[in-house]
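Text of query_34.txt (compact mmCIF, C-alpha atoms) as supplied:
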# COMPACT_ATOMS: atom_id res chain seq x y z
CA MET A 1 -18.68 -20.78 -135.45
CA GLU A 2 -17.17 -19.76 -132.14
CA PRO A 3 -19.31 -20.24 -129.04
CA MET A 4 -20.66 -17.07 -127.44
CA PRO A 5 -18.90 -16.13 -124.22
CA ARG A 6 -20.82 -16.63 -121.00
CA ARG A 7 -22.24 -13.59 -119.39
CA SER A 8 -21.08 -13.15 -115.86
CA SER A 9 -23.58 -12.50 -113.09
CA THR A 10 -21.97 -9.14 -112.43
CA ALA A 11 -21.86 -8.03 -116.09
CA ARG A 12 -23.62 -4.92 -117.14
CA SER A 13 -26.81 -5.17 -119.15
CA THR A 14 -27.04 -2.86 -122.15
CA SER A 15 -29.81 -1.35 -124.17
CA VAL A 16 -29.88 1.17 -126.98
CA CYS A 17 -31.54 4.56 -126.86
CA GLY A 18 -31.09 7.11 -129.63
CA GLY A 19 -28.35 5.00 -131.16
CA LYS A 20 -26.26 5.10 -127.96
CA PRO A 21 -25.81 2.11 -125.67
CA ILE A 22 -27.03 2.51 -122.11
CA CYS A 23 -25.34 0.45 -119.40
CA LYS A 24 -27.34 -0.75 -116.43
CA ARG A 25 -25.67 -2.11 -113.33
CA ARG A 26 -27.46 -4.87 -111.51
CA ARG A 27 -28.19 -4.04 -107.88
CA PRO A 28 -26.08 -6.38 -105.72
CA GLU A 29 -28.09 -8.76 -103.57
CA LEU A 30 -27.74 -7.79 -99.89
CA GLN A 31 -28.36 -10.53 -97.38
CA PHE A 32 -28.89 -10.24 -93.64
CA ARG A 33 -25.58 -11.96 -92.85
CA ASP A 34 -23.75 -9.28 -94.86
CA LEU A 35 -24.87 -6.53 -92.47
CA PRO A 36 -22.46 -5.30 -89.79
CA GLU A 37 -22.74 -7.26 -86.56
CA ASP A 38 -24.05 -4.29 -84.56
CA ILE A 39 -26.86 -3.84 -87.10
CA GLN A 40 -27.69 -7.55 -86.91
CA CYS A 41 -27.90 -7.29 -83.12
CA LYS A 42 -30.15 -4.26 -83.39
CA VAL A 43 -32.54 -6.04 -85.76
CA LEU A 44 -32.62 -9.21 -83.67
CA SER A 45 -33.21 -7.20 -80.50
CA GLU A 46 -36.58 -6.13 -81.91
CA LEU A 47 -37.72 -9.75 -82.21
CA PRO A 48 -39.25 -11.74 -79.35
CA LEU A 49 -36.67 -13.79 -77.47
CA LYS A 50 -38.27 -17.05 -78.64
CA GLU A 51 -37.87 -16.05 -82.30
CA VAL A 52 -34.26 -14.98 -81.75
CA MET A 53 -33.42 -18.37 -80.26
CA ARG A 54 -34.95 -20.04 -83.33
CA THR A 55 -32.95 -17.76 -85.62
CA SER A 56 -29.71 -18.76 -83.91
CA ILE A 57 -30.10 -22.24 -85.43
CA LEU A 58 -29.68 -20.82 -88.95
CA SER A 59 -26.12 -19.60 -88.55
CA SER A 60 -23.25 -20.39 -86.20
CA LYS A 61 -22.45 -16.65 -86.13
CA TRP A 62 -25.85 -15.94 -84.60
CA ARG A 63 -25.65 -18.52 -81.82
CA SER A 64 -24.20 -15.96 -79.44
CA VAL A 65 -26.35 -13.03 -80.61
CA TRP A 66 -29.40 -14.02 -78.56
CA SER A 67 -27.18 -14.20 -75.46
CA ILE A 68 -26.97 -10.39 -75.50
CA HIS A 69 -30.64 -9.87 -76.33
CA PRO A 70 -31.67 -6.72 -74.40
CA LYS A 71 -35.34 -7.62 -73.91
CA LEU A 72 -36.03 -10.61 -71.69
CA ARG A 73 -39.75 -11.35 -71.45
CA PHE A 74 -40.83 -14.56 -69.75
CA VAL A 75 -44.56 -15.31 -70.01
CA GLY A 76 -45.84 -18.59 -68.64
CA ALA A 77 -48.55 -19.10 -71.26
CA THR A 78 -46.06 -18.44 -74.09
CA MET A 79 -43.21 -20.56 -72.76
CA CYS A 80 -45.17 -23.48 -71.30
CA GLY A 81 -48.59 -23.40 -72.90
CA ARG A 82 -51.70 -23.95 -70.83
CA MET A 83 -51.67 -25.74 -67.51
CA ILE A 84 -54.14 -28.57 -68.10
CA ALA A 85 -53.26 -31.93 -66.62
CA THR A 86 -49.62 -31.42 -65.71
CA GLY A 87 -50.39 -29.90 -62.31
CA LEU A 88 -49.17 -26.70 -60.71
CA ILE A 89 -45.82 -27.98 -59.45
CA GLN A 90 -44.82 -29.55 -62.78
CA TYR A 91 -46.02 -26.50 -64.71
CA THR A 92 -44.03 -24.15 -62.44
CA SER A 93 -40.94 -26.35 -62.68
CA LYS A 94 -41.08 -26.25 -66.46
CA PHE A 95 -41.35 -22.47 -66.46
CA VAL A 96 -38.49 -22.07 -63.98
CA ARG A 97 -36.30 -24.47 -65.95
CA ASN A 98 -36.90 -22.54 -69.18
CA VAL A 99 -36.17 -19.16 -67.59
CA ASN A 100 -33.03 -20.38 -65.86
CA THR A 101 -31.74 -21.91 -69.10
CA VAL A 102 -31.98 -18.56 -70.83
CA LEU A 103 -30.41 -16.63 -67.97
CA GLN A 104 -27.52 -19.08 -67.60
CA ARG A 105 -26.61 -18.60 -71.26
CA HIS A 106 -27.21 -14.86 -71.30
CA SER A 107 -24.22 -12.58 -70.98
CA GLY A 108 -25.97 -10.49 -68.33
CA MET A 109 -25.13 -7.32 -70.23
CA PHE A 110 -27.18 -4.66 -72.04
CA VAL A 111 -30.51 -5.73 -70.50
CA GLU A 112 -33.16 -3.08 -71.08
CA ASP A 113 -36.34 -5.01 -70.22
CA PHE A 114 -36.80 -7.85 -67.75
CA GLU A 115 -40.36 -9.13 -67.39
CA VAL A 116 -41.84 -12.14 -65.62
CA GLN A 117 -45.52 -12.93 -66.06
CA PHE A 118 -46.60 -16.00 -64.12
CA GLU A 119 -49.16 -16.81 -61.43
CA PHE A 120 -47.51 -16.58 -58.02
CA ASN A 121 -47.05 -19.67 -55.88
CA ARG A 122 -44.53 -20.49 -53.17
CA GLU A 123 -42.49 -22.70 -55.48
CA LEU A 124 -41.38 -19.53 -57.27
CA ILE A 125 -39.99 -17.58 -54.30
CA VAL A 126 -36.38 -18.77 -54.40
CA HIS A 127 -36.20 -18.40 -58.16
CA LEU A 128 -37.77 -14.93 -58.14
CA ASP A 129 -35.09 -13.88 -55.66
CA ASN A 130 -32.40 -15.16 -58.02
CA TRP A 131 -33.97 -13.34 -60.95
CA VAL A 132 -33.92 -10.10 -58.97
CA ARG A 133 -30.19 -10.69 -58.42
CA PHE A 134 -29.84 -11.01 -62.20
CA VAL A 135 -31.69 -7.71 -62.62
CA VAL A 136 -29.27 -6.05 -60.22
CA ALA A 137 -26.16 -7.50 -61.87
CA SER A 138 -27.33 -6.67 -65.40
CA GLN A 139 -28.30 -3.08 -64.53
CA THR A 140 -31.76 -3.51 -66.02
CA LYS A 141 -33.67 -0.37 -67.02
CA ASN A 142 -37.26 -1.67 -67.06
CA LEU A 143 -38.47 -4.26 -64.54
CA ALA A 144 -41.87 -5.99 -64.51
CA PHE A 145 -43.07 -8.73 -62.15
CA ASP A 146 -46.69 -9.59 -62.97
CA LEU A 147 -47.55 -12.37 -60.51
CA VAL A 148 -51.33 -11.95 -60.24
CA PRO A 149 -53.10 -15.35 -59.95
CA SER A 150 -56.25 -16.00 -61.94
CA GLU A 151 -58.06 -16.32 -58.59
CA PHE A 152 -56.58 -13.83 -56.12
CA HIS A 153 -59.58 -12.99 -53.93
CA GLY A 154 -58.96 -14.14 -50.38
CA ARG A 155 -55.28 -14.78 -51.02
CA ASN A 156 -53.18 -12.72 -48.64
CA GLY A 157 -49.82 -14.27 -49.50
CA ARG A 158 -47.67 -12.08 -51.72
CA TYR A 159 -44.14 -12.29 -53.01
CA LEU A 160 -41.93 -10.29 -50.66
CA PHE A 161 -39.95 -8.24 -53.14
CA PRO A 162 -36.31 -8.19 -51.90
CA ILE A 163 -35.75 -4.47 -52.22
CA GLU A 164 -32.64 -4.84 -50.09
CA TYR A 165 -30.96 -6.55 -53.07
CA LEU A 166 -31.06 -3.26 -55.00
CA ASP A 167 -27.86 -1.30 -54.55
CA SER A 168 -27.29 2.33 -55.50
CA ARG A 169 -26.05 1.38 -58.97
CA SER A 170 -29.07 -0.77 -59.85
CA THR A 171 -31.59 1.72 -58.46
CA SER A 172 -29.96 4.44 -60.53
CA CYS A 173 -30.40 2.34 -63.69
CA LEU A 174 -34.09 1.56 -63.17
CA GLN A 175 -36.39 3.82 -65.21
CA CYS A 176 -39.62 1.82 -65.14
CA ILE A 177 -41.00 -0.56 -62.49
CA GLN A 178 -44.22 -2.57 -62.73
CA LEU A 179 -45.07 -4.81 -59.77
CA SER A 180 -48.20 -6.89 -59.29
CA PHE A 181 -49.09 -9.15 -56.36
CA VAL A 182 -46.02 -8.38 -54.29
CA PHE A 183 -45.33 -7.15 -50.76
CA ILE A 184 -43.00 -4.18 -50.30
CA LYS A 185 -41.29 -3.37 -47.04
CA LEU A 186 -38.59 -0.72 -47.09
CA ARG A 187 -35.42 -1.25 -45.15
CA SER A 188 -34.09 1.44 -42.82
CA ARG A 189 -31.55 2.67 -45.36
CA PHE A 190 -33.41 2.91 -48.63
CA ASN A 191 -31.43 4.35 -51.56
CA GLY A 192 -34.48 5.43 -53.54
CA PHE A 193 -34.99 5.46 -57.31
CA PRO A 194 -33.36 8.67 -58.53
CA ASN A 195 -33.99 8.04 -62.25
CA LEU A 196 -37.34 6.25 -62.11
CA ARG A 197 -39.84 7.68 -64.59
CA LYS A 198 -42.72 5.22 -64.46
CA LEU A 199 -44.14 3.27 -61.50
CA ASP A 200 -47.07 0.86 -61.81
CA LEU A 201 -48.30 -0.90 -58.65
CA ASN A 202 -51.18 -3.39 -58.73
CA LEU A 203 -52.41 -5.51 -55.82
CA VAL A 204 -49.33 -4.55 -53.82
CA HIS A 205 -49.24 -4.78 -50.04
CA VAL A 206 -47.43 -1.71 -48.69
CA THR A 207 -47.98 0.69 -45.82
CA ALA A 208 -48.84 4.31 -46.48
CA LYS A 209 -45.59 5.35 -44.79
CA ASP A 210 -43.40 3.09 -46.94
CA LEU A 211 -45.24 4.16 -50.08
CA GLU A 212 -44.74 7.84 -49.24
CA ASP A 213 -41.03 7.25 -48.53
CA MET A 214 -40.63 5.39 -51.80
CA LEU A 215 -42.43 8.03 -53.86
CA SER A 216 -40.52 10.82 -52.15
CA SER A 217 -37.31 9.30 -53.50
CA CYS A 218 -38.54 9.39 -57.12
CA SER A 219 -37.73 12.97 -58.05
CA LYS A 220 -37.94 12.25 -61.81
CA LEU A 221 -41.19 10.26 -61.71
CA GLU A 222 -43.48 11.15 -64.63
CA TRP A 223 -46.19 8.46 -64.58
CA LEU A 224 -47.73 6.83 -61.50
CA SER A 225 -50.48 4.21 -61.25
CA ILE A 226 -51.64 2.67 -57.96
CA VAL A 227 -54.41 0.10 -58.33
CA ARG A 228 -56.01 -2.12 -55.65
CA CYS A 229 -53.29 -1.37 -53.11
CA HIS A 230 -55.38 -1.21 -49.94
CA LEU A 231 -53.72 1.42 -47.80
CA ASP A 232 -56.59 2.13 -45.37
CA ASP A 233 -54.81 5.43 -44.80
CA GLU A 234 -53.94 8.70 -46.51
CA LEU A 235 -52.13 8.61 -49.83
CA LYS A 236 -50.01 11.66 -49.21
CA VAL A 237 -46.67 12.86 -50.59
CA ASP A 238 -45.48 16.20 -49.26
CA ARG A 239 -42.19 16.24 -51.11
CA PRO A 240 -42.47 17.94 -54.53
CA LEU A 241 -42.81 15.63 -57.52
CA SER A 242 -42.21 18.28 -60.14
CA CYS A 243 -41.90 15.84 -63.07
CA LEU A 244 -45.16 13.95 -62.42
CA VAL A 245 -47.65 14.52 -65.26
CA HIS A 246 -49.98 11.49 -64.95
CA LEU A 247 -51.56 10.12 -61.76
CA HIS A 248 -53.94 7.14 -61.61
CA VAL A 249 -55.40 5.86 -58.32
CA ALA A 250 -58.04 3.10 -58.33
CA TYR A 251 -59.78 1.08 -55.60
CA CYS A 252 -57.12 1.64 -52.94
CA ASP A 253 -59.34 2.30 -49.87
CA VAL A 254 -57.57 5.57 -49.17
CA THR A 255 -58.95 8.20 -46.79
CA LYS A 256 -57.39 11.16 -48.59
CA ILE A 257 -55.26 11.91 -51.66
CA GLN A 258 -52.74 14.72 -51.49
CA PHE A 259 -49.79 15.30 -53.83
CA ASN A 260 -47.43 18.19 -54.37
CA ALA A 261 -47.10 17.88 -58.15
CA GLU A 262 -47.04 21.29 -59.76
CA ASN A 263 -46.82 19.99 -63.36
CA LEU A 264 -49.49 17.28 -63.11
CA LYS A 265 -51.68 17.31 -66.22
CA THR A 266 -53.95 14.25 -65.93
CA PHE A 267 -55.60 12.73 -62.85
CA VAL A 268 -57.74 9.57 -62.91
CA TYR A 269 -59.47 8.29 -59.78
CA ARG A 270 -61.73 5.26 -59.26
CA GLY A 271 -63.32 4.41 -55.93
CA GLU A 272 -65.38 5.91 -53.13
CA TRP A 273 -65.38 9.64 -52.68
CA HIS A 274 -62.68 10.92 -50.34
CA PRO A 275 -61.01 14.32 -49.94
CA ILE A 276 -58.65 15.14 -52.81
CA ASP A 277 -56.06 17.90 -52.58
CA LEU A 278 -54.16 18.68 -55.76
CA SER A 279 -54.26 22.41 -55.25
CA GLN A 280 -50.51 22.67 -55.97
CA SER A 281 -51.02 21.20 -59.46
CA ARG A 282 -51.23 24.40 -61.47
CA GLU A 283 -51.03 22.59 -64.82
CA LEU A 284 -53.83 20.09 -64.13
CA LYS A 285 -56.39 20.27 -66.94
CA ASP A 286 -57.92 16.81 -67.40
CA VAL A 287 -59.64 14.92 -64.54
CA HIS A 288 -61.61 11.64 -64.65
CA LEU A 289 -63.54 10.60 -61.53
CA HIS A 290 -65.29 7.21 -61.42
CA LEU A 291 -67.10 7.29 -58.07
CA ASN A 292 -68.73 4.48 -56.11
CA GLY A 293 -71.44 5.32 -53.61
CA CYS A 294 -73.71 8.33 -53.37
CA ILE A 295 -72.46 11.88 -53.81
CA THR A 296 -74.46 14.99 -54.59
CA LEU A 297 -73.59 16.95 -57.66
CA GLU A 298 -73.80 20.04 -55.43
CA HIS A 299 -71.06 18.66 -53.20
CA ALA A 300 -68.91 17.80 -56.21
CA LEU A 301 -69.28 21.24 -57.75
CA THR A 302 -68.51 23.07 -54.53
CA THR A 303 -65.58 20.85 -53.50
CA LEU A 304 -63.74 20.16 -56.74
CA PRO A 305 -62.99 23.78 -57.73
CA THR A 306 -61.06 24.15 -54.46
CA ALA A 307 -59.30 20.79 -54.62
CA LEU A 308 -58.66 21.01 -58.37
CA PRO A 309 -58.56 24.75 -59.09
CA THR A 310 -57.15 24.69 -62.65
CA ILE A 311 -59.07 21.86 -64.34
CA GLN A 312 -60.79 22.54 -67.65
CA SER A 313 -62.22 19.09 -68.43
CA LEU A 314 -63.94 16.95 -65.81
CA THR A 315 -65.44 13.52 -66.46
CA LEU A 316 -67.60 12.47 -63.52
CA ILE A 317 -69.04 8.94 -63.55
CA ALA A 318 -71.17 7.61 -60.67
CA THR A 319 -72.44 4.09 -60.05
CA THR A 320 -75.54 5.38 -58.23
CA ARG A 321 -77.90 8.22 -59.00
CA LEU A 322 -76.51 11.60 -58.06
CA LYS A 323 -78.77 13.97 -56.17
CA VAL A 324 -79.56 16.99 -58.34
CA CYS A 325 -78.12 20.19 -56.94
CA CYS A 326 -79.70 23.61 -56.55
CA PRO A 327 -79.79 25.86 -59.63
CA SER A 328 -77.28 28.32 -58.17
CA CYS A 329 -74.61 25.61 -58.04
CA LEU A 330 -74.95 25.02 -61.76
CA LEU A 331 -72.99 28.24 -62.26
CA SER A 332 -69.92 26.23 -61.29
CA LEU A 333 -70.29 24.27 -64.51
CA PHE A 334 -69.01 27.25 -66.44
CA LYS A 335 -65.64 26.87 -64.72
CA PHE A 336 -64.91 23.68 -66.65
CA HIS A 337 -66.43 21.32 -69.17
CA LEU A 338 -68.31 18.59 -67.30
CA ALA A 339 -69.15 15.21 -68.70
CA TYR A 340 -71.67 13.66 -66.31
CA PHE A 341 -72.74 10.02 -66.57
CA LEU A 342 -75.07 7.86 -64.51
CA LEU A 343 -74.43 4.13 -64.57
Could you take the file, read its structure, and then write that structure out as structure tokens?
Amino acid sequence: MEPMPRRSSTARSTSVCGGKPICKRRRPELQFRDLPEDIQCKVLSELPLKEVMRTSILSSKWRSVWSIHPKLRFVGATMCGRMIATGLIQYTSKFVRNVNTVLQRHSGMFVEDFEVQFEFNRELIVHLDNWVRFVVASQTKNLAFDLVPSEFHGRNGRYLFPIEYLDSRSTSCLQCIQLSFVFIKLRSRFNGFPNLRKLDLNLVHVTAKDLEDMLSSCSKLEWLSIVRCHLDDELKVDRPLSCLVHLHVAYCDVTKIQFNAENLKTFVYRGEWHPIDLSQSRELKDVHLHLNGCITLEHALTTLPTALPTIQSLTLIATTRLKVCCPSCLLSLFKFHLAYFLL
């Protein structure tokens, strides 16, 4: 009796239906390494940098893939763990060493996101400057420096962000900037951010004049948040910001807020009551006011319709009891929906 021939792994499987054989092809097994290189890079770019570096151990072909990873996110707690007994200097040195190792092996091309999240101390200054140079050379699109210490009250020292390093090419590439615990001082010839769409400033030291000049250069700005940036002056931008749709101002010790943003749709304010002029914002519909200190509801209802003439929904939250207004002023409530809370 002759031995039965072996069935190859690619052979068709057959079955019978109605007396006729039916051939079934086995679906070929597709592995990740069989994908085109550009697809592999795309998939790996969606992974955290730490996972990509681990993946590079699996295949020699992938050892260079992480070097063009477009999203560089350096978080102290993730890269170095908790600072327990090592001390601040040793902990900072470990973080700096890890970041520099990655940047030295990175191609410096196709960088979309560059983020540093680490508590600021003076040991970082030189390295932060070098990382800004990397941002400039790599034409990064989204930049984030979150340097807020766990205890920042009473600390006046900030990282002086070297805005003079940014040339016209790098400022044109930037689309999103998030800066925390930095000091900004514009040079005499500031190129501006012509393509910036999102700006998030937190605990930033900057003068009202420099802030106005910076914002005036952001003609495509769509989203703006300014939090705990103590201006002690007017927050005023006369130049039209026609693309701005979201404005958030919180605890900035401003004396007045005035923007020329005709397409603004949402405005959020937290802090003490000060004059607000958004009368040019014809599309403004949604306003949230979280007010500290005493303000009469009568004053709010007589002032806001002039300052915010087109709003339809107003959320007004006060930390102290509001003085009840006269009945005639309640007619103003029909101009917009009012959500009124007492904390």
- Spatial neighbours of Arg97 of chain A, max dist 12 Å, all atoms listed in the file, sep filter under 3 positions, as number ranges by chain: A: 74, 76, 79-80, 90-94, 100-104, 124, 127
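Of the residues under consideration (A:Val96, A:Ile68, A:Leu128, A:Leu88), A:Ile68 shows the shortest atom-to-atom contact distance to Gly108 of chain A when counting all atoms listed in the file.
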- Excluding same-chain residues fewer than 6 positions from segment 109-114 of chain A, what lies within 10 Å of it counting all atoms listed in the file, as a list in words? Ser67, Ile68, His69, Pro70, Lys71, Leu72, Arg73, Phe74, Trp131, Val132, Phe134, Val135, Ala137, Ser138, Gln139, Thr140, Lys141, Asn142, Leu143, Ala144, Phe145, Cys173, Leu174, Gln175, Cys176 and Ile177 of chain A
So for segment 267-286 of chain A, what box centre and size do we get, axis-aligned, 8 Å extra on each of the six sides, every listed atom, Å to one decimal, as JSON?
{"center_x": -57.9, "center_y": 14.4, "center_z": -58.7, "size_x": 30.9, "size_y": 36.0, "size_z": 33.5}
- Task: Report the distance between atom CA of Gly157 of chain A and atom CA of His205 of chain A in Å, rounded to one decimal place.
- Result: 9.5 Å
- Work out how far apart atom CA of Asn202 of chain A and atom CA of Gln117 of chain A are and give it in Å to one decimal. 13.3 Å
- Item | Å distance separating atom CA of Leu166 of chain A from atom CA of Leu211 of chain A, one decimal place | 16.7 Å
Write out as an mmCIF file with C-alpha atoms, in the frame of the given file which residues come within 8 Å of segment 225-238 of chain A when counting all atoms listed in the file, dropping same-chain ones fewer than 2 positions away.
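Saved result, result.cif, follows:
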data_model
loop_
_atom_site.group_PDB
_atom_site.id
_atom_site.type_symbol
_atom_site.label_atom_id
_atom_site.label_comp_id
_atom_site.auth_asym_id
_atom_site.auth_seq_id
_atom_site.Cartn_x
_atom_site.Cartn_y
_atom_site.Cartn_z
ATOM 1 C CA LEU A 199 -44.140 3.270 -61.500
ATOM 2 C CA ASP A 200 -47.070 0.860 -61.810
ATOM 3 C CA LEU A 201 -48.300 -0.900 -58.650
ATOM 4 C CA ASN A 202 -51.180 -3.390 -58.730
ATOM 5 C CA LEU A 203 -52.410 -5.510 -55.820
ATOM 6 C CA VAL A 204 -49.330 -4.550 -53.820
ATOM 7 C CA HIS A 205 -49.240 -4.780 -50.040
ATOM 8 C CA VAL A 206 -47.430 -1.710 -48.690
ATOM 9 C CA THR A 207 -47.980 0.690 -45.820
ATOM 10 C CA ALA A 208 -48.840 4.310 -46.480
ATOM 11 C CA GLU A 212 -44.740 7.840 -49.240
ATOM 12 C CA LEU A 215 -42.430 8.030 -53.860
ATOM 13 C CA SER A 216 -40.520 10.820 -52.150
ATOM 14 C CA TRP A 223 -46.190 8.460 -64.580
ATOM 15 C CA PRO A 240 -42.470 17.940 -54.530
ATOM 16 C CA LEU A 247 -51.560 10.120 -61.760
ATOM 17 C CA HIS A 248 -53.940 7.140 -61.610
ATOM 18 C CA VAL A 249 -55.400 5.860 -58.320
ATOM 19 C CA ALA A 250 -58.040 3.100 -58.330
ATOM 20 C CA TYR A 251 -59.780 1.080 -55.600
ATOM 21 C CA CYS A 252 -57.120 1.640 -52.940
ATOM 22 C CA ASP A 253 -59.340 2.300 -49.870
ATOM 23 C CA VAL A 254 -57.570 5.570 -49.170
ATOM 24 C CA THR A 255 -58.950 8.200 -46.790
ATOM 25 C CA LYS A 256 -57.390 11.160 -48.590
ATOM 26 C CA ILE A 257 -55.260 11.910 -51.660
ATOM 27 C CA GLN A 258 -52.740 14.720 -51.490
ATOM 28 C CA PHE A 259 -49.790 15.300 -53.830
ATOM 29 C CA ASN A 260 -47.430 18.190 -54.370
#
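Using only C-alpha atoms, the nearest neighbour of Ser180 of chain A within the list A:Ile125, A:Ala318, A:Ile311, A:Leu147 is A:Leu147.
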- With distances taken over only C-alpha atoms, the candidate from A:Asn263, A:Asn195, A:Thr171, A:Ser281 nearest Ser219 of chain A is A:Asn195
